[in-house]
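Raw target-v9.cif, mmCIF, C-alpha atoms:
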```cif
data_start
#
loop_
_atom_site.label_atom_id
_atom_site.label_comp_id
_atom_site.auth_asym_id
_atom_site.auth_seq_id
_atom_site.Cartn_x
_atom_site.Cartn_y
_atom_site.Cartn_z
CA MET A 1 41.61 30.51 16.04
CA SER A 2 38.32 32.21 15.38
CA THR A 3 36.16 30.96 12.54
CA LYS A 4 33.94 34.03 12.78
CA GLU A 5 35.63 36.25 10.21
CA PRO A 6 34.46 35.54 6.67
CA PHE A 7 36.82 33.52 4.48
CA THR A 8 37.29 36.27 1.94
CA ILE A 9 40.23 37.95 0.23
CA GLU A 10 39.28 41.16 2.03
CA GLN A 11 39.65 39.44 5.40
CA PHE A 12 42.95 37.90 4.23
CA TYR A 13 44.31 41.42 3.64
CA LYS A 14 42.87 42.68 6.92
CA PHE A 15 44.90 40.02 8.71
CA LEU A 16 48.00 41.03 6.72
CA LYS A 17 47.52 44.57 7.97
CA GLN A 18 47.69 43.08 11.47
CA GLN A 19 50.98 41.41 10.42
CA LYS A 20 49.38 37.97 10.25
CA LEU A 21 49.57 35.57 7.30
CA MET A 22 46.36 33.60 7.62
CA ALA A 23 44.94 30.76 5.54
CA GLY A 24 41.60 28.93 5.51
CA LYS A 25 41.79 25.29 6.57
CA CYS A 26 38.96 23.05 5.43
CA LEU A 27 37.31 21.43 8.47
CA LYS A 28 36.20 18.45 6.41
CA CYS A 29 39.30 17.37 4.43
CA GLY A 30 42.03 19.49 6.01
CA LYS A 31 43.21 21.21 2.83
CA ILE A 32 44.70 24.63 3.54
CA HIS A 33 43.75 27.41 1.12
CA LEU A 34 46.06 30.39 0.81
CA PRO A 35 44.54 32.85 0.13
CA PRO A 36 41.26 31.54 1.54
CA ARG A 37 38.28 30.61 -0.63
CA PRO A 38 34.63 30.20 0.35
CA LEU A 39 34.44 26.68 -1.14
CA CYS A 40 37.01 23.89 -0.78
CA ASP A 41 38.20 22.87 -4.26
CA ASN A 42 39.10 19.43 -2.94
CA CYS A 43 35.90 18.32 -1.17
CA PHE A 44 33.45 21.23 -1.81
CA SER A 45 32.98 21.88 1.90
CA GLN A 46 32.16 25.42 3.01
CA GLU A 47 33.36 24.95 6.59
CA PHE A 48 36.76 26.44 7.44
CA GLU A 49 38.92 27.66 10.27
CA TRP A 50 41.64 30.31 10.14
CA VAL A 51 45.17 29.03 10.61
CA SER A 52 48.39 30.99 10.91
CA VAL A 53 51.02 30.26 8.26
CA SER A 54 54.78 30.88 8.31
CA GLY A 55 55.82 33.49 5.77
CA ARG A 56 59.23 31.93 5.18
CA GLY A 57 59.92 29.99 2.04
CA LYS A 58 61.92 29.48 -1.13
CA LEU A 59 61.64 31.15 -4.52
CA LEU A 60 60.21 28.68 -7.06
CA THR A 61 60.17 30.96 -10.11
CA TYR A 62 60.01 34.66 -10.98
CA THR A 63 59.61 37.17 -13.76
CA ILE A 64 60.54 40.82 -14.19
CA ILE A 65 57.60 43.16 -14.79
CA SER A 66 58.45 46.12 -17.02
CA VAL A 67 54.93 46.99 -18.23
CA ALA A 68 52.83 47.30 -15.08
CA PRO A 69 49.28 48.21 -14.06
CA GLN A 70 48.95 51.92 -13.32
CA GLN A 71 49.31 51.69 -9.53
CA PHE A 72 52.58 49.76 -9.83
CA GLN A 73 54.16 51.77 -12.65
CA PRO A 74 56.42 53.81 -10.35
CA LEU A 75 57.97 50.51 -9.17
CA THR A 76 59.01 49.17 -12.61
CA PRO A 77 61.01 47.14 -13.29
CA TYR A 78 60.16 44.84 -10.40
CA ALA A 79 60.17 41.13 -9.72
CA VAL A 80 57.12 38.94 -9.13
CA GLY A 81 57.56 35.33 -8.15
CA ILE A 82 55.95 32.25 -6.71
CA VAL A 83 57.23 31.30 -3.26
CA GLN A 84 56.89 27.85 -1.71
CA LEU A 85 56.39 28.32 2.00
CA GLU A 86 57.76 26.06 4.73
CA ASN A 87 54.47 24.15 4.94
CA GLY A 88 54.52 23.47 1.18
CA LEU A 89 51.89 26.03 0.18
CA LYS A 90 52.70 28.24 -2.77
CA ILE A 91 51.86 31.92 -2.98
CA PRO A 92 52.65 34.62 -5.55
CA GLY A 93 54.09 37.98 -4.56
CA MET A 94 56.30 40.91 -5.43
CA ILE A 95 59.92 40.50 -4.40
CA GLN A 96 61.64 43.57 -3.01
CA GLY A 97 64.96 44.39 -1.40
CA VAL A 98 66.94 42.53 -4.02
CA THR A 99 68.52 43.41 -7.37
CA GLN A 100 67.69 41.44 -10.51
CA GLU A 101 71.20 40.01 -10.45
CA GLN A 102 70.72 38.76 -6.89
CA LEU A 103 67.50 36.89 -7.68
CA LYS A 104 68.09 33.15 -7.64
CA ILE A 105 65.72 30.21 -7.87
CA ASP A 106 65.55 28.49 -4.45
CA MET A 107 66.76 31.60 -2.57
CA GLU A 108 65.23 31.97 0.88
CA LEU A 109 62.59 34.67 1.22
CA THR A 110 60.33 35.89 3.94
CA LEU A 111 57.00 37.68 3.80
CA ASP A 112 57.25 41.38 4.57
CA PHE A 113 54.24 43.08 6.11
CA GLY A 114 55.73 46.55 6.16
CA SER A 115 54.38 47.43 2.78
CA CYS A 116 50.88 46.47 3.90
CA SER A 117 50.51 49.45 6.22
CA SER A 118 48.83 51.64 3.62
CA THR A 119 45.93 53.60 5.07
CA GLN A 120 44.06 53.40 1.79
CA ALA A 121 40.80 51.51 1.98
CA TRP A 122 40.23 48.10 0.42
CA PRO A 123 40.93 47.20 -2.35
CA GLN A 124 43.65 49.80 -2.85
CA TRP A 125 45.88 48.44 -0.10
CA THR A 126 49.46 47.88 -0.99
CA ARG A 127 50.01 44.15 -1.09
CA TYR A 128 52.44 42.16 1.00
CA CYS A 129 55.79 41.41 -0.58
CA PHE A 130 58.70 39.04 -0.13
CA LYS A 131 62.21 40.02 0.88
CA PRO A 132 65.39 37.98 1.07
CA LEU A 133 66.04 36.31 4.40
CA THR A 134 69.77 36.90 3.99
CA LEU A 135 71.97 38.06 1.15
CA MET B 1 68.81 29.62 -15.88
CA SER B 2 67.33 30.93 -19.08
CA GLN B 3 64.55 33.43 -19.56
CA SER B 4 62.11 34.11 -22.36
CA ALA B 5 63.45 36.85 -24.62
CA ARG B 6 61.60 38.75 -27.33
CA CYS B 7 61.97 36.08 -30.00
CA ASP B 8 60.68 33.46 -27.56
CA CYS B 9 57.29 35.17 -27.51
CA SER B 10 54.45 35.01 -30.03
CA LEU B 11 53.49 38.27 -31.68
CA ILE B 12 50.43 40.39 -31.05
CA THR B 13 48.69 39.88 -34.37
CA ASP B 14 45.49 40.63 -36.25
CA GLY B 15 44.00 37.69 -38.08
CA ALA B 16 40.93 35.64 -38.84
CA SER B 17 40.14 32.02 -39.59
CA CYS B 18 37.11 29.84 -39.95
CA MET B 19 36.08 26.27 -40.54
CA ILE B 20 32.89 24.61 -41.71
CA LEU B 21 31.68 21.71 -39.60
CA THR B 22 29.10 19.30 -40.89
CA LYS B 23 28.00 15.67 -40.76
CA PRO B 24 30.22 13.27 -42.74
CA GLU B 25 27.31 12.33 -45.03
CA SER B 26 26.70 16.01 -45.84
CA ALA B 27 30.31 17.03 -46.47
CA SER B 28 30.25 16.08 -50.16
CA LYS B 29 27.53 18.68 -50.73
CA TYR B 30 30.09 21.40 -49.91
CA THR B 31 33.47 20.01 -50.90
CA ASP B 32 35.18 16.97 -52.34
CA MET B 33 38.13 17.52 -49.99
CA SER B 34 37.01 17.11 -46.37
CA VAL B 35 38.77 15.72 -43.34
CA HIS B 36 37.27 13.91 -40.33
CA ILE B 37 37.55 15.02 -36.73
CA ILE B 38 38.03 11.69 -34.96
CA GLY B 39 39.00 12.85 -31.49
CA SER B 40 38.10 15.87 -29.36
CA GLY B 41 39.16 16.66 -25.82
CA GLN B 42 38.90 19.75 -23.63
CA ALA B 43 39.99 20.24 -20.03
CA SER B 44 40.52 23.02 -17.52
CA ASP B 45 42.78 23.82 -14.57
CA THR B 46 43.17 26.58 -11.99
CA ILE B 47 44.00 29.93 -13.57
CA GLY B 48 46.42 30.73 -10.73
CA LEU B 49 49.80 29.21 -11.61
CA TYR B 50 50.73 29.08 -7.92
CA GLU B 51 47.94 26.56 -7.27
CA ARG B 52 49.15 24.09 -9.90
CA LYS B 53 51.12 20.97 -9.10
CA SER B 54 53.70 21.68 -11.79
CA LEU B 55 55.09 24.79 -13.46
CA THR B 56 56.57 22.76 -16.33
CA SER B 57 53.53 20.76 -17.42
CA LEU B 58 49.94 21.73 -18.26
CA ASN B 59 47.53 19.30 -16.69
CA ALA B 60 44.72 20.67 -18.88
CA THR B 61 46.70 19.59 -21.96
CA ARG B 62 47.37 16.14 -20.53
CA LEU B 63 43.68 15.57 -19.70
CA ALA B 64 42.42 16.94 -23.03
CA ALA B 65 44.94 14.81 -24.94
CA LYS B 66 43.92 11.67 -23.05
CA THR B 67 40.27 12.24 -23.97
CA ALA B 68 41.11 12.96 -27.62
CA TYR B 69 43.46 9.97 -28.02
CA GLU B 70 40.86 7.64 -26.49
CA MET B 71 38.04 8.96 -28.66
CA ALA B 72 40.19 8.61 -31.78
CA ASN B 73 41.44 5.20 -30.67
CA ALA B 74 44.89 6.55 -31.47
CA LYS B 75 48.27 6.74 -29.79
CA PRO B 76 50.84 9.54 -29.98
CA GLN B 77 52.93 7.43 -32.37
CA ASN B 78 49.97 7.35 -34.81
CA ILE B 79 50.09 11.14 -35.26
CA ASP B 80 51.72 12.16 -38.55
CA LEU B 81 51.92 15.88 -37.81
CA ALA B 82 50.74 18.39 -35.22
CA GLU B 83 50.04 22.06 -34.70
CA VAL B 84 50.82 22.88 -31.07
CA HIS B 85 50.30 26.02 -29.00
CA ASP B 86 53.79 27.51 -29.02
CA CYS B 87 52.79 30.87 -27.53
CA PHE B 88 56.32 30.85 -26.08
CA THR B 89 59.33 28.68 -26.88
CA PHE B 90 59.04 26.73 -23.64
CA ALA B 91 55.31 26.17 -24.27
CA GLU B 92 56.15 24.11 -27.36
CA LEU B 93 58.52 21.90 -25.37
CA MET B 94 55.86 21.44 -22.69
CA ALA B 95 53.31 20.55 -25.39
CA TYR B 96 55.58 17.78 -26.77
CA GLU B 97 55.77 16.28 -23.31
CA ASP B 98 52.12 16.77 -22.34
CA LEU B 99 50.92 15.32 -25.66
CA ASP B 100 53.21 12.31 -25.03
CA PHE B 101 55.28 12.88 -28.18
CA CYS B 102 58.21 12.27 -25.82
CA PRO B 103 58.74 11.52 -22.12
CA ILE B 104 58.50 14.33 -19.55
CA GLY B 105 61.70 16.37 -19.53
CA GLU B 106 62.78 15.35 -23.02
CA GLY B 107 61.05 18.00 -25.14
CA GLY B 108 64.34 19.76 -25.79
CA LYS B 109 65.97 16.55 -26.96
CA LEU B 110 63.06 15.91 -29.32
CA VAL B 111 63.64 19.29 -31.03
CA GLU B 112 67.38 18.71 -31.24
CA SER B 113 66.83 15.27 -32.78
CA GLY B 114 65.17 16.93 -35.80
CA GLU B 115 62.14 14.63 -35.52
CA THR B 116 59.75 17.59 -35.33
CA ARG B 117 61.04 19.14 -38.56
CA LEU B 118 59.54 18.64 -41.99
CA GLY B 119 60.70 15.17 -43.01
CA GLY B 120 61.05 14.05 -39.38
CA ARG B 121 59.00 11.50 -37.48
CA ILE B 122 56.36 14.03 -36.39
CA PRO B 123 56.59 17.44 -38.07
CA VAL B 124 55.26 20.14 -35.72
CA ASN B 125 53.91 23.57 -36.64
CA THR B 126 54.45 23.41 -40.38
CA SER B 127 52.34 26.60 -40.48
CA GLY B 128 55.10 28.38 -38.60
CA GLY B 129 53.21 28.10 -35.33
CA LEU B 130 52.13 30.94 -33.11
CA LYS B 131 55.58 32.51 -32.91
CA ALA B 132 56.42 32.57 -36.62
CA LYS B 133 52.94 32.87 -38.14
CA GLY B 134 51.51 35.15 -35.43
CA HIS B 135 48.98 34.62 -32.65
CA PRO B 136 45.65 36.39 -33.29
CA VAL B 137 44.31 34.83 -30.11
CA GLY B 138 40.69 34.17 -31.11
CA ALA B 139 41.68 32.99 -34.58
CA THR B 140 44.63 30.80 -33.61
CA GLY B 141 42.71 27.61 -32.83
CA THR B 142 40.85 27.33 -36.11
CA ALA B 143 43.98 28.48 -37.98
CA GLN B 144 45.69 25.40 -36.52
CA ALA B 145 42.83 23.25 -37.80
CA TYR B 146 43.17 24.94 -41.22
CA GLU B 147 46.84 23.96 -41.46
CA ILE B 148 45.99 20.35 -40.61
CA TYR B 149 43.21 20.48 -43.21
CA LEU B 150 45.67 21.67 -45.88
CA GLN B 151 48.14 18.95 -44.92
CA LEU B 152 45.61 16.09 -44.83
CA THR B 153 44.18 17.14 -48.20
CA GLY B 154 47.62 17.46 -49.82
CA GLN B 155 47.35 21.21 -50.38
CA ALA B 156 50.27 22.39 -48.21
CA GLY B 157 52.66 23.03 -51.11
CA LYS B 158 56.35 23.28 -50.20
CA ARG B 159 55.66 22.44 -46.57
CA GLN B 160 53.57 19.35 -47.39
CA VAL B 161 54.12 16.43 -45.00
CA LYS B 162 54.46 13.31 -47.14
CA ASP B 163 51.63 10.77 -46.76
CA ALA B 164 49.99 12.71 -43.93
CA GLN B 165 46.94 10.77 -42.74
CA VAL B 166 46.40 11.75 -39.10
CA GLY B 167 46.94 15.24 -37.65
CA LEU B 168 46.58 16.80 -34.21
CA THR B 169 45.89 20.33 -32.99
CA HIS B 170 46.57 21.62 -29.48
CA ASN B 171 45.20 24.96 -28.34
CA VAL B 172 45.65 26.61 -24.94
CA GLY B 173 43.90 29.46 -23.17
CA GLY B 174 44.41 31.32 -19.90
CA SER B 175 48.05 30.29 -19.41
CA GLY B 176 46.92 26.67 -19.33
CA ALA B 177 43.62 27.18 -17.49
CA THR B 178 42.03 25.55 -20.51
CA ALA B 179 43.26 23.35 -23.33
CA ALA B 180 41.66 21.70 -26.36
CA VAL B 181 43.13 18.82 -28.35
CA HIS B 182 41.69 17.56 -31.63
CA ILE B 183 42.70 14.67 -33.87
CA TYR B 184 41.87 14.63 -37.59
CA ARG B 185 41.99 11.91 -40.22
CA SER B 186 42.25 12.34 -43.95
CA ASP B 187 39.40 11.17 -46.15
CA GLN B 188 41.74 9.16 -48.36
#
```

When written as C-alpha cells, how does the structure in this file appear?
Amino acid sequence: MSTKEPFTIEQFYKFLKQQKLMAGKCLKCGKIHLPPRPLCDNCFSQEFEWVSVSGRGKLLTYTIISVAPQQFQPLTPYAVGIVQLENGLKIPGMIQGVTQEQLKIDMELTLDFGSCSSTQAWPQWTRYCFKPLTL
Amino acid sequence: MSQSARCDCSLITDGASCMILTKPESASKYTDMSVHIIGSGQASDTIGLYERKSLTSLNATRLAAKTAYEMANAKPQNIDLAEVHDCFTFAELMAYEDLDFCPIGEGGKLVESGETRLGGRIPVNTSGGLKAKGHPVGATGTAQAYEIYLQLTGQAGKRQVKDAQVGLTHNVGGSGATAAVHIYRSDQ
C-alpha cells in the first residue's frame, strides 16, 4: 500500500469516500493507529504505511445522543458507540439502521460507507457509521 | 444493562472556592488551624475513550493515586475519609476501585457494605459530592480540598468524621484524560 498520502484525518476520510477503511501502521513498532496520527504514541516514530482494516466488529458500549451539534440535530435521538473491530482496534461511530430497543452490547456491526458519499467539501463530510450485520 | 439517568449525573452549577497554600513554617501567621498536604499526584491519559485499555477504570486516576500514596508514604487503608470525583454514579464506583479502596469490580459491594457512609470505615463525599452538592467544574477541585480541611480541623459539624487524621481528594478532568489525587494530614 502506498505510503505517499499524508497520515492525516483528512486523508482518512478521503479513503472512506473511496469505501476504504484505512489505518496508519507504524513502520518501527508495528502499532496500528485508527484513525491515523502523524506521530506514533507508542514509539514516537513518524514513519507509517497505510493498511486496510476490516470494518466488521462488535459493539463495546453506546450512548443515546438527544442534544446534538447543529449538523446532527435532524438525526436526534441517535446512538453513538465504540466498536471493537475484528483486529482488536476500537473506533467510535454513529450506529444507524437499528432501534434503541435493538441495541445490544456485543451485537455484530459493520462499517457503512454509504453515508460518506456527501459531496460537501472537507470537513463537512458526513461521517461513516455502523450498521447491524444481521438483526 | 443499566444506563445513567438524570439523578446519576452531577448538576450544572455556579460556584466558587479557594484555598491558601503556604510553607508549613508560615502557616501560623495566617491561621491556627492548618492542614498539611503530604501527597500530590497528577497523571494524564488519551482524551479519546476508544483508545483506552479499559472503559471501567481510569488509568490517570490509578497513576496519580500511586504517586500520591508513595509521596505520602501512605496506603489506602490509612485514609480516614475521601472526596472523590462522582461526576456520575458509576464514576464514584470507578474511583473506589482506582484509588484501591477496594479490588477492581467491587466498588458496588463497597457502597452496599455501608463502609463509605458517615461512621463507616472510609466515609466518602461527606460534602455531598459532585452530584448532591453540585459540580461548578473549575471550583470543584478546591471545594473538595475545603471539605477535607473542614474535616481534618474538626469543623464539619453534623457530618464530622470522628478522629479524622488523613484525608484524600480525587479530581478528574476531560472524562479521565487527567486526574489529580492529593492526601492531607491534620496538624493535630

Which is closest to Gly97 in chain A among A:Pro35, A:Gly30, A:Pro6, A:Pro132, if we use all atoms listed in the file?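 The answer is A:Pro132, which sits nearest to Gly97 in chain A.
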
What is the CA of Arg37 in chain A to CA of Trp50 in chain A distance in Å?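 Separation of CA of Arg37 in chain A and CA of Trp50 in chain A: 11.3 Å.
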
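For the residues B:Asn78, B:Ser175, B:Ser10, B:Thr89, ranking by smallest atom-to-atom distance to Arg52 in chain B using all atoms listed in the file places B:Ser175 first.
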
With a cut-off of 12 Å and counting all atoms listed in the file, select all residues of chain B in contact with chain A and give the selection as a PyMOL selection string. chain B and resi 1-5+45-46+48-56

Apply the PyMOL selection byres ((chain B and resi 139) around 8) to the displayed file and report the matching residues as a list in words. Gly15, Ala16, Ser17, Cys18, His135, Pro136, Val137, Gly138, Thr140, Gly141, Thr142 and Ala143 of chain B

So what does the PyMOL selection byres ((chain B and resi 90-102) around 9) actually pick up in this one, as number ranges by chain? B: 4, 8, 56-59, 61-63, 65-66, 75-77, 79, 84-89, 103-111, 122, 170, 181

Atom pair CA of Asp14 in chain B / CA of Lys133 in chain B: separation (Å):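 Atom-to-atom, CA of Asp14 in chain B and CA of Lys133 in chain B are spaced 10.9 Å apart.
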
For Leu16 in chain A, find every residue with an atom within 8 Å (counting all atoms listed in the file), except residues of its own chain fewer than 3 positions away, and show them as number ranges by chain. A: 12-13, 19-22, 113, 116, 128

Would you write out those residues with C-alpha atoms, as a PDB file, keeping the file's coordinate frame?
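Dumped to selection_29.pdb:
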```
ATOM      1  CA  PHE A  12      42.950  37.900   4.230  1.00  0.00           C
ATOM      2  CA  TYR A  13      44.310  41.420   3.640  1.00  0.00           C
ATOM      3  CA  GLN A  19      50.980  41.410  10.420  1.00  0.00           C
ATOM      4  CA  LYS A  20      49.380  37.970  10.250  1.00  0.00           C
ATOM      5  CA  LEU A  21      49.570  35.570   7.300  1.00  0.00           C
ATOM      6  CA  MET A  22      46.360  33.600   7.620  1.00  0.00           C
ATOM      7  CA  PHE A 113      54.240  43.080   6.110  1.00  0.00           C
ATOM      8  CA  CYS A 116      50.880  46.470   3.900  1.00  0.00           C
ATOM      9  CA  TYR A 128      52.440  42.160   1.000  1.00  0.00           C
TER      10      TYR A 128
END
```

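Distance-wise, CA of Met71 in chain B and CA of Ile183 in chain B end up 9.0 Å apart.
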
Box time for range 18-33 of chain B: axis-aligned, enclosing all its listed atoms, 8 Å extra on each side; report centre and edge lengths in Å to one decimal, as lines of an AutoDock Vina configuration file.
```
center_x = 32.4
center_y = 21.1
center_z = -46.0
size_x = 27.4
size_y = 33.5
size_z = 28.7
```

Do you know which residues are at most 6 Å from Ile95 in chain A counting only C-alpha atoms, after dropping those on the same chain fewer than 6 positions away, and could you put them as a ChimeraX atom specification? /A:79-80,129-131
